[in-house]
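Enquirer: Please see the structure below; I have some questions.
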Amino acid sequence: MKQLFEQCNLCTEILTITLPNSQEYWFESTEELILKLGIKEDIEQNIERHGGYMIDEWQYVDSRQIPTDIRSRIRFTFE
C-alpha cells in the first residue's frame with residue numbers, strides 16, 4: 001500500500017484502495033478504515049510532500065489554501 005501513496009498526489013487526486021470483500025470492513029466508515037489500516041500517517045506525509053499541510057486532525061490545506069478533508073481523498077472499494 002505504501003507504493004500507492006508514493007505514486008499519487010492526494011492534493012489533486014482521489015486514491016482508490018481495493019479491500020477484500022470481507023465482513024471485517026463492510027460497516028466501517030472511511031475514518032475507521034483509515035485508522036484500522038494504519039494509513040493516516042502515510043496520507044499526511046503524502047499531503048506534506050505535495051505542498052500541503054494538516055490544519056487539524058482530518059483537514060489539510062494545499063497551495064490554494066482551501067481546507068479539504070483527507071477522508072474525501074480516499075475511496076475504498078471491495079473486490
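A note on labels: chains of the C-alpha cells are A, B, ... as shown, every chain counts residues from 1, and ligands are counted from 1 in their shown order.
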Would you pick out the contacts of region 21-32 of chain A at 7 Å or less, using only C-alpha atoms, so that residues sharing its chain but fewer than 4 positions from it are not included, and give the list as a list in words?
Expert: Lys36, Arg71, Phe78 and Glu79 of chain A
Enquirer: Excluding same-chain residues fewer than 2 positions from region 49-63 of chain A, what lies within 10 Å of it counting only C-alpha atoms, as a ChimeraX atom specification?
Expert: /A:6,8-12,31,40,43-47,65-72
Enquirer: Nearest to Leu4 (chain A) among A:Arg64, A:Phe76, A:Asp42, A:Leu37, with distances taken over only C-alpha atoms: which residue is it?
Expert: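 Residue with the minimum atom-to-atom distance to Leu4 (chain A): A:Asp42.
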Enquirer: Mind pulling up the distance from CA of Glu48 (chain A) to CA of Thr18 (chain A)?
Expert: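 According to the coordinates, CA of Thr18 (chain A) and CA of Glu48 (chain A) are separated by 23.9 Å.
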Enquirer: Could you jot down the CA of Arg73 (chain A) to CA of Pro20 (chain A) separation for me, Å, one decimal place?
Expert: 20.0 Å
